[in-house]
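Asks: File work.cif follows (mmCIF, C-alpha atoms):
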data_work
loop_
_atom_site.label_atom_id
_atom_site.label_comp_id
_atom_site.auth_asym_id
_atom_site.auth_seq_id
_atom_site.Cartn_x
_atom_site.Cartn_y
_atom_site.Cartn_z
CA MET Z 414 23.94 -45.08 19.53
CA ALA Z 415 20.34 -43.96 19.87
CA SER Z 416 19.48 -40.33 20.48
CA ILE Z 417 18.60 -39.58 24.09
CA ASN Z 418 14.94 -38.98 23.27
CA GLN Z 419 14.75 -42.10 21.11
CA ALA Z 420 16.34 -44.17 23.88
CA ASN Z 421 13.96 -42.69 26.45
CA ARG Z 422 10.94 -43.57 24.30
CA GLU Z 423 12.20 -47.11 23.77
CA ALA Z 424 12.93 -47.69 27.46
CA CYS Z 425 9.51 -46.34 28.45
CA LEU Z 426 7.81 -48.55 25.86
CA GLN Z 427 9.68 -51.64 27.03
CA LEU Z 428 8.76 -50.92 30.65
CA ALA Z 429 5.10 -50.35 29.77
CA ARG Z 430 4.98 -53.48 27.60
CA SER Z 431 6.41 -55.59 30.44
CA VAL Z 432 3.95 -54.18 32.97
CA ILE Z 433 0.98 -54.70 30.65
CA MET Z 434 1.98 -58.25 29.71
CA ASP Z 435 2.63 -59.17 33.36
CA THR Z 436 -0.86 -58.00 34.33
CA PRO Z 437 -3.10 -60.97 35.22
CA VAL Z 438 -5.90 -61.78 32.80
CA LYS Z 439 -9.35 -62.91 33.77
CA THR Z 440 -11.37 -60.73 31.38
CA GLY Z 441 -8.57 -58.51 30.07
CA ARG Z 442 -9.99 -55.39 31.66
CA ALA Z 443 -6.97 -54.90 33.94
CA ARG Z 444 -4.63 -55.01 30.96
CA ALA Z 445 -6.81 -52.59 28.99
CA ASN Z 446 -6.78 -50.08 31.84
CA TRP Z 447 -3.06 -49.37 31.70
CA GLN Z 448 -3.05 -45.83 30.38
CA ALA Z 449 -0.17 -43.62 29.39
CA GLY Z 450 0.10 -39.88 29.71
CA LEU Z 451 2.67 -37.18 29.24
CA ASN Z 452 3.16 -34.78 32.14
CA GLN Z 453 -0.10 -35.81 33.78
CA ALA Z 454 -1.82 -39.03 34.69
CA PRO Z 455 -5.02 -40.09 32.95
CA ASP Z 456 -7.78 -40.35 35.55
CA ASP Z 457 -10.50 -42.35 33.85
CA VAL Z 458 -11.44 -46.03 34.09
CA LEU Z 459 -11.91 -47.77 30.76
CA GLU Z 460 -14.72 -50.24 30.13
CA GLN Z 461 -13.02 -52.24 27.38
CA ALA Z 462 -11.00 -55.43 27.72
CA ASP Z 463 -7.71 -56.33 26.04
CA PRO Z 464 -6.77 -59.90 26.98
CA SER Z 465 -3.77 -59.97 24.63
CA GLY Z 466 -2.50 -56.56 25.76
CA GLU Z 467 -1.49 -55.64 22.21
CA ALA Z 468 -4.04 -52.85 21.74
CA THR Z 469 -2.98 -51.32 25.05
CA VAL Z 470 0.70 -51.45 24.11
CA ALA Z 471 -0.18 -49.77 20.79
CA LYS Z 472 -1.95 -46.95 22.65
CA VAL Z 473 1.10 -46.44 24.85
CA GLN Z 474 3.30 -46.34 21.75
CA LYS Z 475 1.13 -43.58 20.26
CA VAL Z 476 1.49 -41.51 23.43
CA LEU Z 477 5.25 -42.06 23.48
CA ALA Z 478 5.54 -40.84 19.88
CA ASN Z 479 4.88 -37.36 21.31
CA LEU Z 480 7.43 -37.61 24.14
CA LYS Z 481 9.84 -34.69 24.06
CA PRO Z 482 12.89 -33.91 26.18
CA GLY Z 483 11.75 -32.71 29.59
CA ASP Z 484 8.40 -34.55 29.45
CA SER Z 485 7.38 -36.99 32.16
CA PHE Z 486 5.96 -40.32 31.08
CA VAL Z 487 3.17 -41.60 33.31
CA LEU Z 488 1.69 -45.10 33.31
CA VAL Z 489 -1.38 -45.66 35.48
CA ASN Z 490 -4.11 -48.19 36.06
CA ASN Z 491 -7.17 -46.63 37.69
CA LEU Z 492 -9.20 -49.79 38.22
CA PRO Z 493 -10.31 -50.01 41.85
CA TYR Z 494 -8.66 -53.42 42.23
CA SER Z 495 -5.37 -52.61 40.45
CA GLN Z 496 -3.54 -52.08 43.75
CA GLU Z 497 -4.71 -55.50 44.94
CA LEU Z 498 -3.28 -57.02 41.76
CA GLU Z 499 -0.02 -55.15 42.30
CA ASP Z 500 0.08 -56.49 45.85
CA GLY Z 501 -0.10 -60.07 44.56
CA SER Z 502 -3.79 -60.97 44.89
CA SER Z 503 -3.60 -63.01 41.66
CA LYS Z 504 -1.70 -66.27 41.39
CA GLN Z 505 -0.86 -65.16 37.82
CA ALA Z 506 1.22 -62.27 39.19
CA PRO Z 507 2.09 -63.00 42.82
CA ASN Z 508 4.90 -60.41 42.68
CA GLY Z 509 2.80 -57.71 41.05
CA MET Z 510 3.45 -56.06 37.73
CA LEU Z 511 4.71 -52.54 38.20
CA LYS Z 512 7.26 -52.68 41.01
CA ARG Z 513 8.97 -55.81 39.70
CA ASN Z 514 9.34 -54.33 36.23
CA ALA Z 515 10.37 -50.90 37.52
CA ALA Z 516 13.35 -52.63 39.11
CA ASN Z 517 14.57 -53.36 35.55
CA TRP Z 518 14.56 -49.66 34.56
CA PRO Z 519 18.37 -49.19 34.60
CA SER Z 520 18.92 -52.15 32.27
CA LEU Z 521 16.09 -51.02 29.97
CA VAL Z 522 17.67 -47.58 29.65
CA LYS Z 523 21.13 -49.05 29.01
CA SER Z 524 19.78 -51.39 26.35
CA ALA Z 525 17.79 -48.64 24.64
CA ALA Z 526 20.78 -46.27 24.70
CA GLN Z 527 22.89 -48.93 22.99
CA GLY Z 528 20.26 -49.33 20.28
CA GLY Z 529 18.66 -52.50 21.67
CA GLY Z 530 14.98 -52.99 22.31
CA SER Z 531 12.05 -53.98 20.12
#
Could you show the structure in this file as structure tokens?
Replies:
Amino acid sequence: MASINQANREACLQLARSVIMDTPVKTGRARANWQAGLNQAPDDVLEQADPSGEATVAKVQKVLANLKPGDSFVLVNNLPYSQELEDGSSKQAPNGMLKRNAANWPSLVKSAAQGGGS
């Protein structure tokens, strides 16, 4: 069995990874703009692109390394068109990215608590 904090980190990482990888790619800017925070949401818009999503996932992982019991994990995308993407404006993600993956949260937590995950 994983520790509670370890399971929480793993579940948060799996959720973030799924959201990032489900984000449509034209230039990769939408993927690069998923930003993680602890106890507060980042409020900037990033200029870089990350078509593969791997660099963005790595940044999230670094933030999660500092997650402590009682902290809130926040994942945001501040691009002006991110809500349109979430609402299905892209044929690559007609069901959005965030809400469809958030629906998997209970199974992610269960898997992480049992020692599953990446």
Asks: Report as a PyMOL selection string the residues that result from applying the PyMOL selection byres ((chain Z and resi 457-461) around 10) to the structure here.
Replies: chain Z and resi 440-448+454-456+462-464+489-493
Asks: Distance atom CA of Z:Glu423-atom CA of Z:Asp500, one decimal place?
Replies: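 Taking atom CA of Z:Glu423 as the start and atom CA of Z:Asp500 as the end point, the length is 26.9 Å.
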Asks: Near Z:Ala420, counting all atoms listed in the file, which residues have an atom at most 8 Å away, once you skip same-chain residues fewer than 6 positions from it, shown as a ChimeraX atom specification?
Replies: /Z:522,525-526,528
Asks: Translate the PyMOL selection byres ((chain Z and resi 429) around 9) into a concrete residue list for this structure, as a PyMOL selection string.
Replies: chain Z and resi 424-428+430-434+447+449+470+473+488+511+514
Asks: Please save C-alpha atoms of the selected residues as a PDB file, in the frame of the given file.
Replies:
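Listed below is the output, part-v2.pdb:
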ATOM      1  CA  ALA Z 424      12.930 -47.690  27.460  1.00  0.00           C
ATOM      2  CA  CYS Z 425       9.510 -46.340  28.450  1.00  0.00           C
ATOM      3  CA  LEU Z 426       7.810 -48.550  25.860  1.00  0.00           C
ATOM      4  CA  GLN Z 427       9.680 -51.640  27.030  1.00  0.00           C
ATOM      5  CA  LEU Z 428       8.760 -50.920  30.650  1.00  0.00           C
ATOM      6  CA  ARG Z 430       4.980 -53.480  27.600  1.00  0.00           C
ATOM      7  CA  SER Z 431       6.410 -55.590  30.440  1.00  0.00           C
ATOM      8  CA  VAL Z 432       3.950 -54.180  32.970  1.00  0.00           C
ATOM      9  CA  ILE Z 433       0.980 -54.700  30.650  1.00  0.00           C
ATOM     10  CA  MET Z 434       1.980 -58.250  29.710  1.00  0.00           C
ATOM     11  CA  TRP Z 447      -3.060 -49.370  31.700  1.00  0.00           C
ATOM     12  CA  ALA Z 449      -0.170 -43.620  29.390  1.00  0.00           C
ATOM     13  CA  VAL Z 470       0.700 -51.450  24.110  1.00  0.00           C
ATOM     14  CA  VAL Z 473       1.100 -46.440  24.850  1.00  0.00           C
ATOM     15  CA  LEU Z 488       1.690 -45.100  33.310  1.00  0.00           C
ATOM     16  CA  LEU Z 511       4.710 -52.540  38.200  1.00  0.00           C
ATOM     17  CA  ASN Z 514       9.340 -54.330  36.230  1.00  0.00           C
TER      18      ASN Z 514
END
Asks: Any chance you could resolve the PyMOL selection byres ((chain Z and resi 506) around 12) against this file and give the residues as a list in words?
Replies: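 Applied to this file, the PyMOL selection byres ((chain Z and resi 506) around 12) returns Val432, Ile433, Met434, Asp435, Thr436, Pro437, Val438, Lys439, Ser495, Glu497, Leu498, Glu499, Asp500, Gly501, Ser502, Ser503, Lys504, Gln505, Pro507, Asn508, Gly509, Met510, Leu511, Lys512, Arg513 and Asn514 of chain Z.
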